[in-house]
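Q: Please find one structure pasted underneath; my questions will follow.
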Amino acid sequence: MASPNIKAVRGTRDLLPPETDLWNRVESTARAVFSRYGFGEIRTPIFEDTSLFARGVGEETDIVSKEMYTWEDRARAASEKAQSLTLRPENTAGVVRAYIEHKLGDTGNLQKLFYIGPQFRRERPQRGRYRQFWQIGAEVIGPPTSGAESPIRDAEILEMLATLLDELGITGWTLQLNSVGSATDRPRYVAALKEALAPIKHQLCPDNQRRADTNPLRVLDSKDEADQDLINALPKIADFLDAESKSHFEQVLAALDACGVPYTVNPRLVRGLDYYTRTTFEFSHSVGLGSQNALLGGGRYDGLSEMLGGPRAPGIGFAIGEDRLILTLQAQAETAAQTTKLDAYLAPLGIASNPAALSLARDLRRQGLSVEVGDGSFRLKKSFDAADKLARHIVLLGEDELSTNIFTVKTFATAEQKKIPRADLPTHLRT
Ligand code: HAM
């Protein structure tokens, strides 16, 4: 008996040509843009000590509590200890670990690092959500004297992302941002949130009831329809920012205004990783992604280096979901292909109509219309199928049409069929 075929593991996929050409184009455009902003590439291992993510990303986050691929690495010698290892679910913690390990802060300079590579999360797979997915990310980090904390760094990152998306030809993206405050603002806000959630908790969905206990900030980015009114009425983080955080955020917004980068402030954008302080952001896109519409996310993490036992090193960064970026580009290309269809497909009905069809095509083309001509030997269905792929309208040329000079025209988008006199054809076919 033949053994069953082995398939790619659920949530993972093969990328094949010609799609890989698009991946390469995206990556080379990203590299070119990053180098104009002074970023250099960092490559960190795809697995790390589990405690890096537990401490960096946060024990209570969905990523660490539910989604990591973790295993016990066996000791190979009596002198070795077994170690818990994890496939990286994200790369900011790894980059900051490398920053600390290689004492990159000792140069006194701002470090601008980018990476491109796979990440792993055991999520429920769906379009735009995979268990192995790719991120294109970047981090700006340095000692406080390097200016790493400055709002100009936040604005520069956001402006660079807007430039990258524009250069890739992604149209219609939206940027939402927020400030989640400093390490001292956040606990004050979380306490207020807990207090406000206590009396209404029982009215929330079970997921949000759990979050209210374990990680109340996560209630804010819940998409549960029924809970929205209650969530909108909760206290806003903006009212808990200290003067410095407020001014920091205002300076980020002013620099974005100066650069003409459009944005919306969303007071509920807290994001799902614990290391964020002050600015958080997401770029979304509505075409081709369904519910997984976050193209990329990021924010500031001024305390992360210290959380990992390193020196004080404020930082900010982002990660683009490359799979989602590609899906968006593909969906846009499909829309573009539809809009670049020819004006008309002329279908002669019988070979006797071929000369008249070619002559009509000649006239229309000379008037600036884009036209394809079929062949009178085609059956009607074949003509319709060919026309539907290539053009917005099909024009039928049978004996009747040629003797009366009134043509039957079908418009595919509306399925409307009309009789159009010869003189009105150009105007009608342009619609
Ligand atoms: P994140 O929001 O968890 O942030 O992920 C960033 C992006 O990765 C998301 O916006 C999404 O496009 C993509 N992504 C996440 N999970 C999946 C998945 N299962 N399948 C496909 N794409 C996915 C981070 O990872 C932070 N490290 C970003 C950052 C860098 N913050 C500061 N620096």
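Chain labels A, B, ... are given in the sequence in which chains occur in the structure tokens; within each chain residues are numbered consecutively from 1, and ligands are likewise numbered from 1 in the order shown.
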Around ligand 1, out to 8 Å and counting only C-alpha atoms and all ligand atoms, which residues are there? I want them as a PyMOL selection string.
A: chain A and resi 89-93+120-123+125+128-135+137-139+271-273+276+282-283+292-301+316-325
Q: How would you write, as a list of chain:residue names, the set of residues in segment 217-338 of chain A that DSSP gives as strand (DSSP E or B)?
A: A:Thr264, A:Val265, A:Thr277, A:Arg278, A:Thr279, A:Thr280, A:Phe281, A:Glu282, A:Phe283, A:Ser284, A:Ala294, A:Leu295, A:Leu296, A:Gly297, A:Gly298, A:Gly299, A:Arg300, A:Gly315, A:Ile316, A:Gly317, A:Phe318, A:Ala319, A:Ile320, A:Gly321
Q: Out of segment 54-108 of chain A, which residues get alpha helix (DSSP H) from DSSP, as a count of residues only?
A: 15
Q: What is the atom CA of Leu396 of chain A-atom CA of Ala347 of chain A distance in Å, reported with one decimal?
A: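 Interatomic distance, atom CA of Leu396 of chain A to atom CA of Ala347 of chain A: 5.0 Å.
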Q: Which segment 104-176 of chain A residues have any atom within 8 Å of an atom of segment 18-29 of chain A, and for each, what is the nearest pair of atoms with distance in Å to one decimal, counting only C-alpha atoms, rows sorted by chain and number, as JSON lines?
A:
{"residue": "A:Ile116", "atom": "CA", "partner": "A:Glu27", "partner_atom": "CA", "distance": 7.8}
{"residue": "A:Ile136", "atom": "CA", "partner": "A:Glu27", "partner_atom": "CA", "distance": 7.9}
{"residue": "A:Leu164", "atom": "CA", "partner": "A:Thr29", "partner_atom": "CA", "distance": 7.5}
{"residue": "A:Glu167", "atom": "CA", "partner": "A:Thr29", "partner_atom": "CA", "distance": 7.6}
{"residue": "A:Leu168", "atom": "CA", "partner": "A:Val26", "partner_atom": "CA", "distance": 6.8}
Q: For those residues, write all heavy atoms to a file as an mmCIF file, in the first residue's frame.
A:
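The result, stored in part-v2.cif:
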data_model
loop_
_atom_site.group_PDB
_atom_site.id
_atom_site.type_symbol
_atom_site.label_atom_id
_atom_site.label_comp_id
_atom_site.auth_asym_id
_atom_site.auth_seq_id
_atom_site.Cartn_x
_atom_site.Cartn_y
_atom_site.Cartn_z
ATOM 1 N N ILE A 116 15.377 40.848 7.921
ATOM 2 C CA ILE A 116 14.346 40.231 7.089
ATOM 3 C C ILE A 116 14.414 38.743 7.396
ATOM 4 O O ILE A 116 15.478 38.137 7.236
ATOM 5 C CB ILE A 116 14.635 40.456 5.580
ATOM 6 C CG1 ILE A 116 14.651 41.954 5.260
ATOM 7 C CG2 ILE A 116 13.603 39.715 4.720
ATOM 8 C CD1 ILE A 116 14.995 42.291 3.811
ATOM 9 N N ILE A 136 9.774 41.987 7.812
ATOM 10 C CA ILE A 136 10.838 42.933 7.459
ATOM 11 C C ILE A 136 10.769 43.982 8.552
ATOM 12 O O ILE A 136 9.752 44.668 8.679
ATOM 13 C CB ILE A 136 10.561 43.593 6.092
ATOM 14 C CG1 ILE A 136 10.465 42.533 4.995
ATOM 15 C CG2 ILE A 136 11.633 44.633 5.781
ATOM 16 C CD1 ILE A 136 10.155 43.106 3.609
ATOM 17 N N LEU A 164 8.504 53.837 2.034
ATOM 18 C CA LEU A 164 8.663 52.460 1.548
ATOM 19 C C LEU A 164 7.358 51.950 0.922
ATOM 20 O O LEU A 164 7.370 51.398 -0.181
ATOM 21 C CB LEU A 164 9.116 51.548 2.703
ATOM 22 C CG LEU A 164 9.202 50.051 2.386
ATOM 23 C CD1 LEU A 164 10.149 49.771 1.210
ATOM 24 C CD2 LEU A 164 9.662 49.258 3.614
ATOM 25 N N GLU A 167 6.870 53.610 -2.369
ATOM 26 C CA GLU A 167 7.791 53.113 -3.414
ATOM 27 C C GLU A 167 7.425 51.706 -3.869
ATOM 28 O O GLU A 167 7.676 51.333 -5.014
ATOM 29 C CB GLU A 167 9.254 53.177 -2.934
ATOM 30 C CG GLU A 167 9.743 54.606 -2.948
ATOM 31 C CD GLU A 167 11.250 54.765 -2.758
ATOM 32 O OE1 GLU A 167 12.010 53.806 -2.968
ATOM 33 O OE2 GLU A 167 11.648 55.891 -2.401
ATOM 34 N N LEU A 168 6.839 50.926 -2.978
ATOM 35 C CA LEU A 168 6.399 49.575 -3.362
ATOM 36 C C LEU A 168 5.113 49.628 -4.186
ATOM 37 O O LEU A 168 4.701 48.629 -4.756
ATOM 38 C CB LEU A 168 6.154 48.719 -2.116
ATOM 39 C CG LEU A 168 7.396 48.236 -1.386
ATOM 40 C CD1 LEU A 168 7.018 47.616 -0.041
ATOM 41 C CD2 LEU A 168 8.144 47.212 -2.235
#
Q: Would you compute the distance between atom CA of Ala198 of chain A and atom CA of Ala212 of chain A? Give it in Å to one decimal.
A: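 Taking atom CA of Ala198 of chain A and atom CA of Ala212 of chain A, their separation equals 8.1 Å.
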Q: Pick out the closest residue to Leu308 of chain A from this set: A:Ala98, A:Ala77, A:Ala258, A:Val33. Count only C-alpha atoms.
A: A:Ala98
